[in-house]
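Content type TSV, N, CA and C atoms, from the file structure-v2.tsv:
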```tsv
chain	number	residue	atom	x	y	z
U	1	MET	N	70.60	100.63	66.80
U	1	MET	CA	71.87	99.92	66.85
U	1	MET	C	71.63	98.41	66.84
U	2	ASN	N	72.47	97.74	66.16
U	2	ASN	CA	72.37	96.28	66.19
U	2	ASN	C	73.58	95.71	66.92
U	3	ASN	N	73.55	94.42	67.16
U	3	ASN	CA	74.63	93.78	67.93
U	3	ASN	C	75.97	93.86	67.23
U	4	GLY	N	76.00	93.95	65.91
U	4	GLY	CA	77.24	94.03	65.16
U	4	GLY	C	78.03	95.28	65.49
U	5	GLU	N	77.34	96.35	65.89
U	5	GLU	CA	78.03	97.59	66.22
U	5	GLU	C	78.77	97.50	67.55
U	6	HIS	N	78.43	96.53	68.37
U	6	HIS	CA	79.04	96.42	69.69
U	6	HIS	C	80.08	95.31	69.79
U	7	LYS	N	80.24	94.54	68.73
U	7	LYS	CA	81.11	93.37	68.85
U	7	LYS	C	82.57	93.72	69.12
U	8	ASN	N	83.01	94.89	68.72
U	8	ASN	CA	84.39	95.30	68.96
U	8	ASN	C	84.54	96.23	70.17
U	9	ASN	N	83.49	96.41	70.92
U	9	ASN	CA	83.53	97.28	72.10
U	9	ASN	C	83.58	96.42	73.36
U	10	PRO	N	84.74	96.25	73.98
U	10	PRO	CA	84.85	95.39	75.16
U	10	PRO	C	84.10	95.93	76.37
U	11	MET	N	83.69	97.20	76.33
U	11	MET	CA	82.98	97.78	77.46
U	11	MET	C	81.46	97.60	77.36
U	12	HIS	N	80.98	97.17	76.20
U	12	HIS	CA	79.54	97.02	76.01
U	12	HIS	C	78.98	95.95	76.93
U	13	GLY	N	78.00	96.32	77.72
U	13	GLY	CA	77.33	95.37	78.60
U	13	GLY	C	78.06	95.07	79.89
U	14	VAL	N	79.18	95.72	80.13
U	14	VAL	CA	79.96	95.47	81.35
U	14	VAL	C	79.58	96.52	82.39
U	15	LYS	N	79.15	96.07	83.54
U	15	LYS	CA	78.75	96.98	84.61
U	15	LYS	C	79.98	97.42	85.40
U	16	LEU	N	79.87	98.60	86.01
U	16	LEU	CA	80.97	99.15	86.80
U	16	LEU	C	81.36	98.21	87.93
U	17	ALA	N	80.38	97.58	88.56
U	17	ALA	CA	80.69	96.64	89.65
U	17	ALA	C	81.55	95.48	89.14
U	18	GLN	N	81.24	94.98	87.95
U	18	GLN	CA	82.03	93.89	87.37
U	18	GLN	C	83.45	94.35	87.08
U	19	ILE	N	83.59	95.57	86.57
U	19	ILE	CA	84.91	96.12	86.30
U	19	ILE	C	85.74	96.16	87.57
U	20	LEU	N	85.15	96.69	88.64
U	20	LEU	CA	85.87	96.78	89.92
U	20	LEU	C	86.24	95.41	90.46
U	21	GLU	N	85.31	94.48	90.39
U	21	GLU	CA	85.58	93.14	90.91
U	21	GLU	C	86.73	92.47	90.15
U	22	GLU	N	86.73	92.61	88.84
U	22	GLU	CA	87.79	92.00	88.04
U	22	GLU	C	89.13	92.68	88.27
U	23	LEU	N	89.12	94.01	88.36
U	23	LEU	CA	90.37	94.73	88.63
U	23	LEU	C	90.93	94.37	90.00
U	24	GLU	N	90.07	94.31	90.99
U	24	GLU	CA	90.53	93.99	92.35
U	24	GLU	C	91.08	92.56	92.40
U	25	ALA	N	90.42	91.64	91.72
U	25	ALA	CA	90.89	90.25	91.71
U	25	ALA	C	92.24	90.14	90.98
U	26	HIS	N	92.41	90.93	89.94
U	26	HIS	CA	93.63	90.85	89.13
U	26	HIS	C	94.81	91.58	89.78
U	27	TYR	N	94.56	92.81	90.26
U	27	TYR	CA	95.65	93.65	90.78
U	27	TYR	C	95.69	93.75	92.30
U	28	GLY	N	94.54	93.67	92.96
U	28	GLY	CA	94.47	93.91	94.40
U	28	GLY	C	94.31	95.40	94.66
U	29	TRP	N	93.82	95.74	95.83
U	29	TRP	CA	93.54	97.14	96.17
U	29	TRP	C	94.80	98.00	96.18
U	30	GLU	N	95.89	97.45	96.69
U	30	GLU	CA	97.13	98.24	96.79
U	30	GLU	C	97.62	98.69	95.41
U	31	MET	N	97.64	97.76	94.46
U	31	MET	CA	98.07	98.12	93.11
U	31	MET	C	97.08	99.07	92.44
U	32	LEU	N	95.79	98.84	92.68
U	32	LEU	CA	94.78	99.76	92.11
U	32	LEU	C	95.01	101.17	92.62
U	33	GLY	N	95.32	101.29	93.91
U	33	GLY	CA	95.59	102.60	94.49
U	33	GLY	C	96.85	103.24	93.92
U	34	THR	N	97.78	102.42	93.48
U	34	THR	CA	98.99	102.94	92.83
U	34	THR	C	98.68	103.41	91.42
U	35	PHE	N	97.90	102.62	90.68
U	35	PHE	CA	97.56	102.98	89.31
U	35	PHE	C	96.61	104.17	89.23
U	36	VAL	N	95.60	104.18	90.10
U	36	VAL	CA	94.61	105.26	90.14
U	36	VAL	C	94.57	105.75	91.58
U	37	ASN	N	95.22	106.86	91.84
U	37	ASN	CA	95.38	107.35	93.21
U	37	ASN	C	94.12	108.07	93.70
U	38	ILE	N	93.17	107.25	94.16
U	38	ILE	CA	91.94	107.79	94.74
U	38	ILE	C	91.75	107.14	96.11
U	39	ASN	N	91.18	107.89	97.02
U	39	ASN	CA	91.06	107.43	98.40
U	39	ASN	C	90.28	106.13	98.55
U	40	CYS	N	89.26	105.93	97.73
U	40	CYS	CA	88.47	104.71	97.91
U	40	CYS	C	89.27	103.44	97.59
U	41	PHE	N	90.39	103.57	96.88
U	41	PHE	CA	91.28	102.42	96.66
U	41	PHE	C	92.33	102.32	97.75
U	42	ASN	N	92.68	103.43	98.38
U	42	ASN	CA	93.80	103.46	99.31
U	42	ASN	C	93.42	103.36	100.78
U	43	TYR	N	92.22	103.74	101.15
U	43	TYR	CA	91.81	103.76	102.56
U	43	TYR	C	90.50	103.01	102.73
U	44	ASN	N	90.54	101.90	103.45
U	44	ASN	CA	89.36	101.06	103.67
U	44	ASN	C	88.62	100.75	102.37
U	45	PRO	N	89.29	100.16	101.39
U	45	PRO	CA	88.64	99.92	100.11
U	45	PRO	C	87.55	98.86	100.18
U	46	SER	N	86.49	99.10	99.45
U	46	SER	CA	85.42	98.13	99.28
U	46	SER	C	84.74	98.43	97.95
U	47	ILE	N	84.13	97.42	97.38
U	47	ILE	CA	83.43	97.60	96.11
U	47	ILE	C	82.34	98.66	96.30
U	48	LYS	N	81.61	98.58	97.39
U	48	LYS	CA	80.50	99.51	97.63
U	48	LYS	C	80.98	100.96	97.68
U	49	SER	N	82.04	101.24	98.44
U	49	SER	CA	82.51	102.62	98.55
U	49	SER	C	83.08	103.12	97.23
U	50	CYS	N	83.74	102.24	96.50
U	50	CYS	CA	84.30	102.64	95.20
U	50	CYS	C	83.19	102.92	94.19
U	51	LEU	N	82.16	102.08	94.18
U	51	LEU	CA	81.04	102.32	93.27
U	51	LEU	C	80.41	103.68	93.53
U	52	LYS	N	80.19	103.97	94.79
U	52	LYS	CA	79.57	105.25	95.16
U	52	LYS	C	80.41	106.43	94.65
U	53	PHE	N	81.71	106.36	94.86
U	53	PHE	CA	82.60	107.43	94.43
U	53	PHE	C	82.68	107.53	92.91
U	54	LEU	N	82.88	106.41	92.25
U	54	LEU	CA	83.09	106.42	90.80
U	54	LEU	C	81.84	106.83	90.04
U	55	ARG	N	80.67	106.53	90.58
U	55	ARG	CA	79.42	106.92	89.90
U	55	ARG	C	79.22	108.43	89.88
U	56	LYS	N	79.82	109.12	90.83
U	56	LYS	CA	79.63	110.58	90.86
U	56	LYS	C	80.90	111.36	90.48
U	57	THR	N	81.95	110.63	90.06
U	57	THR	CA	83.21	111.29	89.71
U	57	THR	C	83.68	110.79	88.34
U	58	PRO	N	83.24	111.48	87.29
U	58	PRO	CA	83.53	111.00	85.92
U	58	PRO	C	85.02	110.84	85.60
U	59	TRP	N	85.88	111.74	86.06
U	59	TRP	CA	87.30	111.62	85.72
U	59	TRP	C	87.91	110.35	86.31
U	60	ALA	N	87.49	110.00	87.52
U	60	ALA	CA	88.02	108.79	88.17
U	60	ALA	C	87.47	107.54	87.49
U	61	ARG	N	86.20	107.58	87.13
U	61	ARG	CA	85.61	106.43	86.44
U	61	ARG	C	86.31	106.19	85.11
U	62	THR	N	86.63	107.25	84.39
U	62	THR	CA	87.34	107.12	83.12
U	62	THR	C	88.69	106.44	83.32
U	63	LYS	N	89.41	106.83	84.37
U	63	LYS	CA	90.72	106.22	84.64
U	63	LYS	C	90.57	104.73	84.97
U	64	VAL	N	89.55	104.39	85.73
U	64	VAL	CA	89.32	102.99	86.09
U	64	VAL	C	88.94	102.19	84.85
U	65	GLU	N	88.09	102.75	84.01
U	65	GLU	CA	87.70	102.05	82.78
U	65	GLU	C	88.89	101.89	81.84
U	66	ASP	N	89.75	102.89	81.77
U	66	ASP	CA	90.96	102.78	80.95
U	66	ASP	C	91.88	101.68	81.48
U	67	LEU	N	92.02	101.58	82.78
U	67	LEU	CA	92.83	100.53	83.38
U	67	LEU	C	92.23	99.15	83.08
U	68	TYR	N	90.93	99.06	83.10
U	68	TYR	CA	90.24	97.81	82.78
U	68	TYR	C	90.55	97.39	81.34
U	69	LEU	N	90.53	98.33	80.42
U	69	LEU	CA	90.83	98.02	79.02
U	69	LEU	C	92.28	97.56	78.86
U	70	ILE	N	93.18	98.18	79.60
U	70	ILE	CA	94.59	97.76	79.58
U	70	ILE	C	94.71	96.32	80.09
U	71	MET	N	94.00	96.01	81.18
U	71	MET	CA	94.04	94.67	81.73
U	71	MET	C	93.52	93.66	80.72
U	72	LEU	N	92.44	94.00	80.03
U	72	LEU	CA	91.88	93.08	79.03
U	72	LEU	C	92.87	92.84	77.90
U	73	LYS	N	93.57	93.87	77.46
U	73	LYS	CA	94.56	93.72	76.39
U	73	LYS	C	95.72	92.83	76.85
U	74	GLN	N	96.12	92.95	78.10
U	74	GLN	CA	97.22	92.14	78.62
U	74	GLN	C	96.83	90.66	78.71
U	75	ARG	N	95.56	90.40	78.93
U	75	ARG	CA	95.08	89.01	79.02
U	75	ARG	C	95.10	88.30	77.68
U	76	ASP	N	94.92	89.07	76.60
U	76	ASP	CA	94.87	88.46	75.25
U	76	ASP	C	96.19	87.90	74.82
```
How does this structure look as structure tokens?
Amino acid sequence: MNNGEHKNNPMHGVKLAQILEELEAHYGWEMLGTFVNINCFNYNPSIKSCLKFLRKTPWARTKVEDLYLIMLKQRD
């Protein structure tokens, strides 16, 4: 693969921690818990606890990544 194949992929090179940090800064934990109803957003939220959960729960990670893409589109 060359770099040209990734130029249109906004997720390329973005770490899960960065995604969470940007989402939390943009929406806050309360709104994140509304958009993606998972306990790590709703009860004692922290980047560390969310990373642990999302790394082992593919369906939740997909929802968070989809929300991140929506946020990026809204910024444009």
- Message: Counting all atoms listed in the file, which residues sit no farther than 6 Å from the position (84.5, 101.8, 88.3) in the file's frame? I'd like them as a PyMOL selection string.
- Response: chain U and resi 16-17+19-20+54+61+64-65
- Task: Go through chain U and collect every residue that DSSP, computed from the backbone, puts in helix (DSSP H, G or I); the answer should be as a ChimeraX atom specification.
- Result: /U:3-6,16-35,39-42,47-56,58-75
- In Å and to one decimal, atom C of Cys50 of chain U is distant from atom C of Lys63 of chain U by 11.9 Å
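The space between atom CA of Phe35 of chain U and atom CA of Lys52 of chain U spans 19.1 Å.
Candidate residues U:Trp59, U:Arg75, U:Lys15, U:Glu21 were compared for distance to Ile47 of chain U, and the nearest is U:Glu21, using all atoms listed in the file.
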- Quick one: distance from atom C of Glu30 of chain U to atom N of Pro45 of chain U in Å, one decimal?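 Calculated distance between atom C of Glu30 of chain U and atom N of Pro45 of chain U is 10.4 Å.
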- Message: Within 12 Å of (93.8, 100.7, 94.3) in the file's own coordinates, which protein, DNA or RNA residues have an atom, counting only C-alpha atoms? List them as a PyMOL selection string.
- Response: chain U and resi 20-21+23-47+50+60+63-64+67
Just write the chosen residues, N, CA and C atoms, as an mmCIF file, in the coordinates of the input.
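What follows is the written file selection_18.cif:
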```
data_model
loop_
_atom_site.group_PDB
_atom_site.id
_atom_site.type_symbol
_atom_site.label_atom_id
_atom_site.label_comp_id
_atom_site.auth_asym_id
_atom_site.auth_seq_id
_atom_site.Cartn_x
_atom_site.Cartn_y
_atom_site.Cartn_z
ATOM 1 N N LEU U 20 85.150 96.690 88.640
ATOM 2 C CA LEU U 20 85.870 96.780 89.920
ATOM 3 C C LEU U 20 86.240 95.410 90.460
ATOM 4 N N GLU U 21 85.310 94.480 90.390
ATOM 5 C CA GLU U 21 85.580 93.140 90.910
ATOM 6 C C GLU U 21 86.730 92.470 90.150
ATOM 7 N N LEU U 23 89.120 94.010 88.360
ATOM 8 C CA LEU U 23 90.370 94.730 88.630
ATOM 9 C C LEU U 23 90.930 94.370 90.000
ATOM 10 N N GLU U 24 90.070 94.310 90.990
ATOM 11 C CA GLU U 24 90.530 93.990 92.350
ATOM 12 C C GLU U 24 91.080 92.560 92.400
ATOM 13 N N ALA U 25 90.420 91.640 91.720
ATOM 14 C CA ALA U 25 90.890 90.250 91.710
ATOM 15 C C ALA U 25 92.240 90.140 90.980
ATOM 16 N N HIS U 26 92.410 90.930 89.940
ATOM 17 C CA HIS U 26 93.630 90.850 89.130
ATOM 18 C C HIS U 26 94.810 91.580 89.780
ATOM 19 N N TYR U 27 94.560 92.810 90.260
ATOM 20 C CA TYR U 27 95.650 93.650 90.780
ATOM 21 C C TYR U 27 95.690 93.750 92.300
ATOM 22 N N GLY U 28 94.540 93.670 92.960
ATOM 23 C CA GLY U 28 94.470 93.910 94.400
ATOM 24 C C GLY U 28 94.310 95.400 94.660
ATOM 25 N N TRP U 29 93.820 95.740 95.830
ATOM 26 C CA TRP U 29 93.540 97.140 96.170
ATOM 27 C C TRP U 29 94.800 98.000 96.180
ATOM 28 N N GLU U 30 95.890 97.450 96.690
ATOM 29 C CA GLU U 30 97.130 98.240 96.790
ATOM 30 C C GLU U 30 97.620 98.690 95.410
ATOM 31 N N MET U 31 97.640 97.760 94.460
ATOM 32 C CA MET U 31 98.070 98.120 93.110
ATOM 33 C C MET U 31 97.080 99.070 92.440
ATOM 34 N N LEU U 32 95.790 98.840 92.680
ATOM 35 C CA LEU U 32 94.780 99.760 92.110
ATOM 36 C C LEU U 32 95.010 101.170 92.620
ATOM 37 N N GLY U 33 95.320 101.290 93.910
ATOM 38 C CA GLY U 33 95.590 102.600 94.490
ATOM 39 C C GLY U 33 96.850 103.240 93.920
ATOM 40 N N THR U 34 97.780 102.420 93.480
ATOM 41 C CA THR U 34 98.990 102.940 92.830
ATOM 42 C C THR U 34 98.680 103.410 91.420
ATOM 43 N N PHE U 35 97.900 102.620 90.680
ATOM 44 C CA PHE U 35 97.560 102.980 89.310
ATOM 45 C C PHE U 35 96.610 104.170 89.230
ATOM 46 N N VAL U 36 95.600 104.180 90.100
ATOM 47 C CA VAL U 36 94.610 105.260 90.140
ATOM 48 C C VAL U 36 94.570 105.750 91.580
ATOM 49 N N ASN U 37 95.220 106.860 91.840
ATOM 50 C CA ASN U 37 95.380 107.350 93.210
ATOM 51 C C ASN U 37 94.120 108.070 93.700
ATOM 52 N N ILE U 38 93.170 107.250 94.160
ATOM 53 C CA ILE U 38 91.940 107.790 94.740
ATOM 54 C C ILE U 38 91.750 107.140 96.110
ATOM 55 N N ASN U 39 91.180 107.890 97.020
ATOM 56 C CA ASN U 39 91.060 107.430 98.400
ATOM 57 C C ASN U 39 90.280 106.130 98.550
ATOM 58 N N CYS U 40 89.260 105.930 97.730
ATOM 59 C CA CYS U 40 88.470 104.710 97.910
ATOM 60 C C CYS U 40 89.270 103.440 97.590
ATOM 61 N N PHE U 41 90.390 103.570 96.880
ATOM 62 C CA PHE U 41 91.280 102.420 96.660
ATOM 63 C C PHE U 41 92.330 102.320 97.750
ATOM 64 N N ASN U 42 92.680 103.430 98.380
ATOM 65 C CA ASN U 42 93.800 103.460 99.310
ATOM 66 C C ASN U 42 93.420 103.360 100.780
ATOM 67 N N TYR U 43 92.220 103.740 101.150
ATOM 68 C CA TYR U 43 91.810 103.760 102.560
ATOM 69 C C TYR U 43 90.500 103.010 102.730
ATOM 70 N N ASN U 44 90.540 101.900 103.450
ATOM 71 C CA ASN U 44 89.360 101.060 103.670
ATOM 72 C C ASN U 44 88.620 100.750 102.370
ATOM 73 N N PRO U 45 89.290 100.160 101.390
ATOM 74 C CA PRO U 45 88.640 99.920 100.110
ATOM 75 C C PRO U 45 87.550 98.860 100.180
ATOM 76 N N SER U 46 86.490 99.100 99.450
ATOM 77 C CA SER U 46 85.420 98.130 99.280
ATOM 78 C C SER U 46 84.740 98.430 97.950
ATOM 79 N N ILE U 47 84.130 97.420 97.380
ATOM 80 C CA ILE U 47 83.430 97.600 96.110
ATOM 81 C C ILE U 47 82.340 98.660 96.300
ATOM 82 N N CYS U 50 83.740 102.240 96.500
ATOM 83 C CA CYS U 50 84.300 102.640 95.200
ATOM 84 C C CYS U 50 83.190 102.920 94.190
ATOM 85 N N ALA U 60 87.490 110.000 87.520
ATOM 86 C CA ALA U 60 88.020 108.790 88.170
ATOM 87 C C ALA U 60 87.470 107.540 87.490
ATOM 88 N N LYS U 63 89.410 106.830 84.370
ATOM 89 C CA LYS U 63 90.720 106.220 84.640
ATOM 90 C C LYS U 63 90.570 104.730 84.970
ATOM 91 N N VAL U 64 89.550 104.390 85.730
ATOM 92 C CA VAL U 64 89.320 102.990 86.090
ATOM 93 C C VAL U 64 88.940 102.190 84.850
ATOM 94 N N LEU U 67 92.020 101.580 82.780
ATOM 95 C CA LEU U 67 92.830 100.530 83.380
ATOM 96 C C LEU U 67 92.230 99.150 83.080
#
```
